[in-house]
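Trainee: mmCIF, C-alpha atoms; chains and numbers go by the auth columns, file structure14.cif:
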```
data_work
#
loop_
_atom_site.group_PDB
_atom_site.id
_atom_site.type_symbol
_atom_site.label_atom_id
_atom_site.label_comp_id
_atom_site.label_asym_id
_atom_site.label_seq_id
_atom_site.Cartn_x
_atom_site.Cartn_y
_atom_site.Cartn_z
_atom_site.B_iso_or_equiv
_atom_site.auth_seq_id
_atom_site.auth_asym_id
ATOM 1 C CA MET A 1 130.483 151.410 116.360 0.00 1 U
ATOM 2 C CA ILE A 2 128.747 153.364 119.112 0.00 2 U
ATOM 3 C CA THR A 3 125.358 152.066 120.204 0.00 3 U
ATOM 4 C CA ARG A 4 122.606 154.563 119.511 0.00 4 U
ATOM 5 C CA THR A 5 119.349 153.858 121.282 0.00 5 U
ATOM 6 C CA LYS A 6 116.482 156.207 120.566 0.00 6 U
ATOM 7 C CA VAL A 7 113.689 155.991 123.113 0.00 7 U
ATOM 8 C CA VAL A 8 110.377 157.195 121.702 0.00 8 U
ATOM 9 C CA ILE A 9 107.752 157.811 124.352 0.00 9 U
ATOM 10 C CA ILE A 10 104.549 157.359 122.358 0.00 10 U
ATOM 11 C CA ASN A 11 101.029 158.334 123.355 0.00 11 U
ATOM 12 C CA GLY A 12 97.574 158.793 121.896 0.00 12 U
ATOM 13 C CA ILE A 13 94.032 157.777 122.720 0.00 13 U
ATOM 14 C CA ALA A 14 92.813 154.229 122.079 0.00 14 U
ATOM 15 C CA GLN A 15 92.600 153.391 118.366 0.00 15 U
ATOM 16 C CA SER A 16 94.658 156.420 117.313 0.00 16 U
ATOM 17 C CA GLY A 17 97.191 154.185 115.536 0.00 17 U
ATOM 18 C CA LYS A 18 100.048 153.845 118.040 0.00 18 U
ATOM 19 C CA ASP A 19 100.520 150.115 117.499 0.00 19 U
ATOM 20 C CA THR A 20 100.179 150.548 113.737 0.00 20 U
ATOM 21 C CA PHE A 21 102.858 153.256 113.887 0.00 21 U
ATOM 22 C CA VAL A 22 105.240 150.940 115.755 0.00 22 U
ATOM 23 C CA GLU A 23 104.494 148.007 113.426 0.00 23 U
ATOM 24 C CA MET A 24 105.192 150.185 110.372 0.00 24 U
ATOM 25 C CA ALA A 25 108.404 151.502 111.948 0.00 25 U
ATOM 26 C CA ALA A 26 109.579 147.957 112.743 0.00 26 U
ATOM 27 C CA SER A 27 108.740 146.815 109.216 0.00 27 U
ATOM 28 C CA TYR A 28 110.616 149.776 107.704 0.00 28 U
ATOM 29 C CA CYS A 29 113.634 149.172 109.966 0.00 29 U
ATOM 30 C CA ASN A 30 113.683 145.450 109.153 0.00 30 U
ATOM 31 C CA ALA A 31 113.429 146.056 105.408 0.00 31 U
ATOM 32 C CA ASN A 32 116.187 148.686 105.475 0.00 32 U
ATOM 33 C CA GLU A 33 118.302 147.075 108.213 0.00 33 U
ATOM 34 C CA CYS A 34 118.566 150.429 109.931 0.00 34 U
ATOM 35 C CA ALA A 35 117.617 149.646 113.563 0.00 35 U
ATOM 36 C CA ASN A 36 116.329 147.069 115.999 0.00 36 U
ATOM 37 C CA VAL A 37 112.859 147.913 117.320 0.00 37 U
ATOM 38 C CA LEU A 38 111.369 147.133 120.732 0.00 38 U
ATOM 39 C CA ASN A 39 107.777 147.952 121.660 0.00 39 U
ATOM 40 C CA ILE A 40 106.904 148.082 125.378 0.00 40 U
ATOM 41 C CA SER A 41 104.156 149.589 127.464 0.00 41 U
ATOM 42 C CA SER A 42 104.184 150.926 130.987 0.00 42 U
ATOM 43 C CA VAL A 43 101.295 148.553 131.725 0.00 43 U
ATOM 44 C CA ASP A 44 102.766 145.343 130.253 0.00 44 U
ATOM 45 C CA PRO A 45 103.357 143.743 133.691 0.00 45 U
ATOM 46 C CA ILE A 46 99.771 144.556 134.699 0.00 46 U
ATOM 47 C CA LYS A 47 98.370 143.040 131.502 0.00 47 U
ATOM 48 C CA ASP A 48 100.539 139.952 132.108 0.00 48 U
ATOM 49 C CA MET A 49 99.125 139.646 135.631 0.00 49 U
ATOM 50 C CA LEU A 50 95.525 140.013 134.419 0.00 50 U
ATOM 51 C CA THR A 51 96.168 137.367 131.755 0.00 51 U
ATOM 52 C CA ARG A 52 97.338 134.946 134.457 0.00 52 U
ATOM 53 C CA PHE A 53 93.998 135.613 136.190 0.00 53 U
ATOM 54 C CA GLY A 54 92.113 134.658 133.035 0.00 54 U
ATOM 55 C CA TRP A 55 91.723 137.969 131.199 0.00 55 U
ATOM 56 C CA ASP A 56 91.260 137.359 127.455 0.00 56 U
ATOM 57 C CA GLY A 57 93.132 140.488 126.342 0.00 57 U
ATOM 58 C CA ASN A 58 90.091 142.503 125.278 0.00 58 U
ATOM 59 C CA LYS A 59 90.164 146.049 126.631 0.00 59 U
ATOM 60 C CA ASP A 60 86.791 147.555 127.415 0.00 60 U
ATOM 61 C CA ASP A 61 86.284 150.563 129.678 0.00 61 U
ATOM 62 C CA ASP A 62 86.117 148.383 132.821 0.00 62 U
ATOM 63 C CA VAL A 63 89.430 146.678 132.047 0.00 63 U
ATOM 64 C CA ARG A 64 91.043 150.034 131.223 0.00 64 U
ATOM 65 C CA SER A 65 89.851 151.343 134.603 0.00 65 U
ATOM 66 C CA VAL A 66 91.320 148.333 136.442 0.00 66 U
ATOM 67 C CA ILE A 67 94.646 148.700 134.631 0.00 67 U
ATOM 68 C CA ALA A 68 94.755 152.427 135.443 0.00 68 U
ATOM 69 C CA LEU A 69 93.928 151.762 139.121 0.00 69 U
ATOM 70 C CA ILE A 70 96.607 149.094 139.539 0.00 70 U
ATOM 71 C CA LYS A 71 99.167 151.219 137.679 0.00 71 U
ATOM 72 C CA GLY A 72 98.373 154.201 139.903 0.00 72 U
ATOM 73 C CA ILE A 73 99.002 152.158 143.046 0.00 73 U
ATOM 74 C CA TRP A 74 102.187 150.627 141.581 0.00 74 U
ATOM 75 C CA ASP A 75 103.544 154.044 140.614 0.00 75 U
ATOM 76 C CA LYS A 76 102.597 155.693 143.911 0.00 76 U
ATOM 77 C CA ASN A 77 104.351 153.060 146.004 0.00 77 U
ATOM 78 C CA GLN A 78 107.367 152.174 143.846 0.00 78 U
ATOM 79 C CA CYS A 79 107.551 154.371 140.709 0.00 79 U
ATOM 80 C CA GLY A 80 106.857 150.930 139.243 0.00 80 U
ATOM 81 C CA SER A 81 106.088 151.667 135.606 0.00 81 U
ATOM 82 C CA THR A 82 108.991 154.087 135.221 0.00 82 U
ATOM 83 C CA MET A 83 111.435 151.615 136.759 0.00 83 U
ATOM 84 C CA PHE A 84 110.021 148.779 134.613 0.00 84 U
ATOM 85 C CA LEU A 85 110.557 150.802 131.434 0.00 85 U
ATOM 86 C CA LEU A 86 113.992 152.037 132.484 0.00 86 U
ATOM 87 C CA THR A 87 115.158 148.495 133.285 0.00 87 U
ATOM 88 C CA ASN A 88 113.967 147.240 129.886 0.00 88 U
ATOM 89 C CA ILE A 89 115.566 150.171 128.064 0.00 89 U
ATOM 90 C CA MET A 90 118.939 149.620 129.726 0.00 90 U
ATOM 91 C CA GLN A 91 118.834 145.847 129.144 0.00 91 U
ATOM 92 C CA TYR A 92 117.923 146.235 125.464 0.00 92 U
ATOM 93 C CA HIS A 93 120.627 148.881 124.986 0.00 93 U
ATOM 94 C CA MET A 94 123.258 146.574 126.503 0.00 94 U
ATOM 95 C CA ASN A 95 122.038 143.475 124.636 0.00 95 U
ATOM 96 C CA HIS A 96 122.291 145.318 121.309 0.00 96 U
ATOM 97 C CA ALA A 97 125.631 147.015 121.850 0.00 97 U
ATOM 98 C CA GLY A 98 127.122 148.463 118.698 0.00 98 U
ATOM 99 C CA GLU A 99 123.747 148.659 116.955 0.00 99 U
ATOM 100 C CA ASP A 100 121.093 151.297 116.337 0.00 100 U
ATOM 101 C CA ASN A 101 117.925 150.728 118.334 0.00 101 U
ATOM 102 C CA ILE A 102 114.496 152.302 118.636 0.00 102 U
ATOM 103 C CA ILE A 103 112.519 151.578 121.778 0.00 103 U
ATOM 104 C CA PHE A 104 108.885 152.660 121.711 0.00 104 U
ATOM 105 C CA CYS A 105 107.541 153.171 125.235 0.00 105 U
ATOM 106 C CA HIS A 106 103.775 153.542 125.530 0.00 106 U
ATOM 107 C CA ILE A 107 102.933 155.805 128.451 0.00 107 U
ATOM 108 C CA ARG A 108 99.558 157.468 129.045 0.00 108 U
ATOM 109 C CA GLU A 109 100.048 159.761 132.044 0.00 109 U
ATOM 110 C CA PRO A 110 101.919 163.076 131.587 0.00 110 U
ATOM 111 C CA GLU A 111 103.668 162.737 134.973 0.00 111 U
ATOM 112 C CA ASN A 112 105.016 159.313 133.978 0.00 112 U
ATOM 113 C CA ILE A 113 106.093 160.605 130.565 0.00 113 U
ATOM 114 C CA ASP A 114 107.928 163.441 132.274 0.00 114 U
ATOM 115 C CA ALA A 115 109.591 161.143 134.840 0.00 115 U
ATOM 116 C CA LEU A 116 111.037 158.801 132.204 0.00 116 U
ATOM 117 C CA TYR A 117 111.954 161.710 129.932 0.00 117 U
ATOM 118 C CA ARG A 118 113.919 163.450 132.694 0.00 118 U
ATOM 119 C CA ILE A 119 115.848 160.275 133.567 0.00 119 U
ATOM 120 C CA ILE A 120 116.764 159.415 129.976 0.00 120 U
ATOM 121 C CA SER A 121 117.642 163.012 129.088 0.00 121 U
ATOM 122 C CA GLY A 122 120.821 162.543 131.098 0.00 122 U
ATOM 123 C CA MET A 123 121.944 159.429 129.234 0.00 123 U
ATOM 124 C CA GLU A 124 123.201 160.855 125.935 0.00 124 U
ATOM 125 C CA ASN A 125 126.787 160.156 127.015 0.00 125 U
ATOM 126 C CA ILE A 126 126.071 156.402 126.980 0.00 126 U
ATOM 127 C CA GLY A 127 124.239 156.537 123.640 0.00 127 U
ATOM 128 C CA ILE A 128 120.624 156.739 124.804 0.00 128 U
ATOM 129 C CA SER A 129 118.408 159.670 123.850 0.00 129 U
ATOM 130 C CA VAL A 130 114.690 160.335 124.155 0.00 130 U
ATOM 131 C CA THR A 131 111.877 162.033 122.285 0.00 131 U
ATOM 132 C CA THR A 132 108.115 162.179 122.782 0.00 132 U
ATOM 133 C CA LEU A 133 105.461 161.488 120.166 0.00 133 U
ATOM 134 C CA LEU A 134 101.709 162.027 120.160 0.00 134 U
ATOM 135 C CA ILE A 135 99.571 160.195 117.595 0.00 135 U
ATOM 136 C CA ILE A 136 96.257 161.816 116.654 0.00 136 U
ATOM 137 C CA ARG A 137 93.733 160.099 114.450 0.00 137 U
ATOM 138 C CA GLY A 138 91.676 162.758 112.726 0.00 138 U
ATOM 139 C CA ASN A 139 89.099 160.703 110.889 0.00 139 U
ATOM 140 C CA MET A 140 87.406 159.056 113.864 0.00 140 U
ATOM 141 C CA THR A 141 83.624 159.265 114.236 0.00 141 U
ATOM 142 C CA ASP A 142 81.993 162.131 116.114 0.00 142 U
ATOM 143 C CA GLU A 143 80.447 159.643 118.571 0.00 143 U
ATOM 144 C CA TYR A 144 83.829 158.083 119.327 0.00 144 U
ATOM 145 C CA ASN A 145 85.412 161.512 119.794 0.00 145 U
ATOM 146 C CA ARG A 146 82.577 162.601 122.088 0.00 146 U
ATOM 147 C CA ILE A 147 82.956 159.495 124.270 0.00 147 U
ATOM 148 C CA ARG A 148 86.744 159.818 124.362 0.00 148 U
ATOM 149 C CA GLN A 149 86.979 163.605 124.813 0.00 149 U
ATOM 150 C CA ASP A 150 88.206 163.175 128.394 0.00 150 U
ATOM 151 C CA LYS A 151 90.944 160.830 127.207 0.00 151 U
ATOM 152 C CA ILE A 152 91.944 163.227 124.439 0.00 152 U
ATOM 153 C CA GLU A 153 92.379 165.947 127.046 0.00 153 U
ATOM 154 C CA ASP A 154 94.452 163.568 129.225 0.00 154 U
ATOM 155 C CA VAL A 155 96.956 162.704 126.483 0.00 155 U
ATOM 156 C CA SER A 156 97.062 166.266 125.176 0.00 156 U
ATOM 157 C CA ASN A 157 98.137 167.591 128.574 0.00 157 U
ATOM 158 C CA TYR A 158 101.833 167.338 127.662 0.00 158 U
ATOM 159 C CA MET A 159 104.143 169.242 125.315 0.00 159 U
ATOM 160 C CA TYR A 160 105.290 166.536 122.879 0.00 160 U
ATOM 161 C CA ASP A 161 108.378 166.855 120.702 0.00 161 U
ATOM 162 C CA SER A 162 106.415 165.541 117.694 0.00 162 U
ATOM 163 C CA VAL A 163 102.761 165.177 116.775 0.00 163 U
ATOM 164 C CA ILE A 164 101.762 162.928 113.895 0.00 164 U
ATOM 165 C CA TYR A 165 98.277 162.875 112.419 0.00 165 U
ATOM 166 C CA ASN A 166 96.987 159.511 111.292 0.00 166 U
ATOM 167 C CA ASP A 167 94.546 160.576 108.576 0.00 167 U
ATOM 168 C CA SER A 168 95.147 158.041 105.804 0.00 168 U
ATOM 169 C CA LEU A 169 97.117 154.804 105.739 0.00 169 U
ATOM 170 C CA ASP A 170 99.277 155.805 102.741 0.00 170 U
ATOM 171 C CA GLU A 171 100.209 159.165 104.251 0.00 171 U
ATOM 172 C CA TYR A 172 100.745 157.512 107.625 0.00 172 U
ATOM 173 C CA ALA A 173 103.291 155.091 106.170 0.00 173 U
ATOM 174 C CA GLN A 174 105.263 158.025 104.749 0.00 174 U
ATOM 175 C CA LYS A 175 105.083 159.855 108.077 0.00 175 U
ATOM 176 C CA VAL A 176 106.423 156.761 109.865 0.00 176 U
ATOM 177 C CA LYS A 177 109.295 156.471 107.373 0.00 177 U
ATOM 178 C CA ASP A 178 110.142 160.175 107.752 0.00 178 U
ATOM 179 C CA PHE A 179 110.031 159.933 111.544 0.00 179 U
ATOM 180 C CA VAL A 180 112.371 156.919 111.646 0.00 180 U
ATOM 181 C CA GLU A 181 114.822 158.509 109.199 0.00 181 U
ATOM 182 C CA ASN A 182 114.877 161.718 111.250 0.00 182 U
ATOM 183 C CA LEU A 183 115.653 159.826 114.479 0.00 183 U
ATOM 184 C CA PHE A 184 119.148 158.965 113.252 0.00 184 U
#
```
Would you mind writing the structure in this file as structure tokens?
Mentor:
Amino acid sequence: MITRTKVVIINGIAQSGKDTFVEMAASYCNANECANVLNISSVDPIKDMLTRFGWDGNKDDDVRSVIALIKGIWDKNQCGSTMFLLTNIMQYHMNHAGEDNIIFCHIREPENIDALYRIISGMENIGISVTTLLIIRGNMTDEYNRIRQDKIEDVSNYMYDSVIYNDSLDEYAQKVKDFVENLF
């Protein structure tokens, strides 16, 4: 059997439902034995570092700013987040040879999305393909949307292959199922 690894670059503002989407996809894949699922973020190494320094894992605006600053420096000097994701994708693909895999890669910045997308787009011949997904939560409060308008504009500044609206949990579960089934 040929290994098929589907890389899903996922984005959306905070609390849009990205992690819920991935959890539902993993649950669906486990129940139906249709694919292995890996969930990674371009900032995982930075969060690991902050945890070693005593960070409790709560993300307020100050922590988000620190993570963004460190990631910007890491990417500018070494294309760090793209190389981190690419290394993990290749390792997972090799470790699960002969199986179907979905790797969700959380990336915020359009230039980083584009960099990883361009690299993976050339890997179809080894069984790795890529798609992009934007999650939008429509029923958030006006106050939250006002505060996050700048972030909404940041994540919307890319032409995604798919956009999924997270309006109700029941509908969302069906959208997750449909998305996973359409990947393969």
Trainee: Quick check on the file I pasted: which residues fall under the PyMOL selection byres ((chain U and resi 89) around 9)? Write them as number ranges by chain.
Mentor: U: 5, 7, 38, 84-88, 90-94, 103, 128
Trainee: For this structure, which residues satisfy the selection - the PyMOL selection byres ((chain U and resi 179-183) around 9) - when it is evaluated on the file as given? I want them as a list in words.
Mentor: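 The output of the PyMOL selection byres ((chain U and resi 179-183) around 9) on this file is Lys6, Ala25, Tyr28, Cys29, Cys34, Ile102, Thr131, Gln174, Lys175, Val176, Lys177, Asp178 and Phe184 of chain U.
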Trainee: Would you mind reading off the distance between CA of Met123 (chain U) and CA of Met159 (chain U), one decimal, in Å?
Mentor: 20.7 Å
Trainee: Please measure the separation of CA of Ile2 (chain U) and CA of Glu99 (chain U), giving the value in Å to one decimal.
Mentor: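 Computing the Euclidean distance for CA of Ile2 (chain U) and CA of Glu99 (chain U) yields 7.2 Å.
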Trainee: Take the PyMOL selection byres ((chain U and resi 161) around 8), run it mentally on this structure, and tell me the resulting residues as a list in words.
Mentor: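 This file gives the following for the PyMOL selection byres ((chain U and resi 161) around 8): Thr131, Thr132, Leu133, Met159, Tyr160, Ser162 and Val163 of chain U.
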Trainee: At a cut-off of 8 Å around the point (100.2, 150.3, 128.3) (file coordinates), what residues fall inside when counting only C-alpha atoms? I'd like the answer as a PyMOL selection string.
Mentor: chain U and resi 40-44+106-108
Trainee: Once you add 4 Å to each side, what are the centre and edge lengths of the axis-aligned box holding all listed atoms of region 163-167 of chain U? One decimal in Å, as AutoDock Vina command-line options, if you can.
Mentor:
```
--center_x 98.7 --center_y 162.3 --center_z 112.7 --size_x 16.2 --size_y 13.7 --size_z 16.2
```
Trainee: Could you tell me how far CA of Asp167 (chain U) sits from CA of Asn39 (chain U), in Å to one decimal place?
Mentor: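 Taking CA of Asn39 (chain U) and CA of Asp167 (chain U), their separation equals 22.5 Å.
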Trainee: Using only C-alpha atoms, pick whichever of U:Cys105, U:Ile9, U:Val63, U:Val130 has the shortest atom-to-atom distance to Ile46 (chain U).
Mentor: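 For Ile46 (chain U), the nearest of the candidates is U:Val63.
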Trainee: Could you pull the residues within 8 Å of region 69-72 of chain U, counting only C-alpha atoms, minus those fewer than 3 positions along the same chain, as a short mmCIF file (atom, residue, chain, number, x, y, z; two decimals) with C-alpha atoms, keeping the file's coordinate frame?
Mentor:
```cif
data_model
loop_
_atom_site.label_atom_id
_atom_site.label_comp_id
_atom_site.auth_asym_id
_atom_site.auth_seq_id
_atom_site.Cartn_x
_atom_site.Cartn_y
_atom_site.Cartn_z
CA VAL U 43 101.30 148.55 131.72
CA ILE U 46 99.77 144.56 134.70
CA SER U 65 89.85 151.34 134.60
CA VAL U 66 91.32 148.33 136.44
CA ASP U 75 103.54 154.04 140.61
CA LYS U 76 102.60 155.69 143.91
CA GLY U 80 106.86 150.93 139.24
CA SER U 81 106.09 151.67 135.61
#
```
Trainee: For each of U:Ile67, U:Asp19, U:Trp74, U:Asn101, take the minimum atom-to-atom distance to Glu33 (chain U), counting all atoms listed in the file, then give the residue where this is smallest.
Mentor: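 Closest candidate: U:Asn101.
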Trainee: Measuring atom to atom with only C-alpha atoms, identify which of U:Tyr117, U:Gln15, U:Phe21, U:Asn95 is nearest to Asp170 (chain U).
Mentor: U:Phe21
Trainee: Looking at U:Gly122, U:Gly127, U:Gly54, U:Pro110, which one is nearest to His96 (chain U), with distances taken over all atoms listed in the file?
Mentor: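 That would be U:Gly127, the residue with the smallest distance to His96 (chain U).
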Trainee: Would you mind telling me which residue in U:Asn157, U:Thr51, U:Thr3, U:Asn32 lies nearest to Asp100 (chain U) when using only C-alpha atoms?
Mentor: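 Distance minimum relative to Asp100 (chain U) lands on U:Thr3.
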Trainee: Assuming the input is short of atoms at region 38-59 of chain U, produce N, CA, C and O atoms for that part as a tab-separated table (two decimals), in the coordinates of the input.
Mentor:
```
chain	number	residue	atom	x	y	z
U	38	LEU	N	112.03	147.74	119.58
U	38	LEU	CA	111.37	147.13	120.73
U	38	LEU	C	110.13	147.96	121.04
U	38	LEU	O	110.18	149.20	121.00
U	39	ASN	N	109.03	147.31	121.35
U	39	ASN	CA	107.78	147.95	121.66
U	39	ASN	C	107.34	147.50	123.05
U	39	ASN	O	107.08	146.32	123.27
U	40	ILE	N	107.32	148.44	124.02
U	40	ILE	CA	106.90	148.08	125.38
U	40	ILE	C	105.92	149.13	125.90
U	40	ILE	O	105.90	150.26	125.44
U	41	SER	N	105.14	148.70	126.86
U	41	SER	CA	104.16	149.59	127.46
U	41	SER	C	104.37	149.64	128.97
U	41	SER	O	104.76	148.64	129.59
U	42	SER	N	104.06	150.78	129.54
U	42	SER	CA	104.18	150.93	130.99
U	42	SER	C	103.23	150.01	131.75
U	42	SER	O	103.40	149.80	132.94
U	43	VAL	N	102.24	149.44	131.06
U	43	VAL	CA	101.30	148.55	131.72
U	43	VAL	C	101.48	147.08	131.34
U	43	VAL	O	100.64	146.24	131.69
U	44	ASP	N	102.54	146.74	130.64
U	44	ASP	CA	102.77	145.34	130.25
U	44	ASP	C	102.74	144.38	131.45
U	44	ASP	O	102.08	143.34	131.38
U	45	PRO	N	103.41	144.69	132.57
U	45	PRO	CA	103.36	143.74	133.69
U	45	PRO	C	101.94	143.58	134.25
U	45	PRO	O	101.57	142.49	134.69
U	46	ILE	N	101.15	144.63	134.19
U	46	ILE	CA	99.77	144.56	134.70
U	46	ILE	C	98.93	143.70	133.77
U	46	ILE	O	98.15	142.85	134.22
U	47	LYS	N	99.11	143.88	132.46
U	47	LYS	CA	98.37	143.04	131.50
U	47	LYS	C	98.78	141.58	131.64
U	47	LYS	O	97.94	140.69	131.55
U	48	ASP	N	100.07	141.33	131.89
U	48	ASP	CA	100.54	139.95	132.11
U	48	ASP	C	99.86	139.34	133.34
U	48	ASP	O	99.43	138.19	133.32
U	49	MET	N	99.77	140.12	134.41
U	49	MET	CA	99.12	139.65	135.63
U	49	MET	C	97.65	139.34	135.38
U	49	MET	O	97.15	138.28	135.77
U	50	LEU	N	96.94	140.23	134.71
U	50	LEU	CA	95.52	140.01	134.42
U	50	LEU	C	95.33	138.79	133.53
U	50	LEU	O	94.36	138.04	133.71
U	51	THR	N	96.25	138.56	132.61
U	51	THR	CA	96.17	137.37	131.76
U	51	THR	C	96.29	136.10	132.59
U	51	THR	O	95.57	135.12	132.37
U	52	ARG	N	97.19	136.11	133.57
U	52	ARG	CA	97.34	134.95	134.46
U	52	ARG	C	96.06	134.69	135.25
U	52	ARG	O	95.77	133.56	135.65
U	53	PHE	N	95.27	135.76	135.48
U	53	PHE	CA	94.00	135.61	136.19
U	53	PHE	C	92.84	135.28	135.26
U	53	PHE	O	91.70	135.24	135.68
U	54	GLY	N	93.14	135.08	133.96
U	54	GLY	CA	92.11	134.66	133.04
U	54	GLY	C	91.59	135.72	132.08
U	54	GLY	O	90.69	135.45	131.30
U	55	TRP	N	92.15	136.90	132.12
U	55	TRP	CA	91.72	137.97	131.20
U	55	TRP	C	92.03	137.54	129.76
U	55	TRP	O	93.12	137.04	129.47
U	56	ASP	N	91.11	137.79	128.85
U	56	ASP	CA	91.26	137.36	127.46
U	56	ASP	C	91.97	138.37	126.57
U	56	ASP	O	92.15	138.14	125.38
U	57	GLY	N	92.39	139.50	127.12
U	57	GLY	CA	93.13	140.49	126.34
U	57	GLY	C	92.28	141.59	125.74
U	57	GLY	O	92.81	142.57	125.22
U	58	ASN	N	90.96	141.45	125.81
U	58	ASN	CA	90.09	142.50	125.28
U	58	ASN	C	90.00	143.65	126.27
U	58	ASN	O	89.79	143.43	127.47
U	59	LYS	N	90.17	144.88	125.76
U	59	LYS	CA	90.16	146.05	126.63
U	59	LYS	C	88.87	146.84	126.44
U	59	LYS	O	88.73	147.58	125.48
```
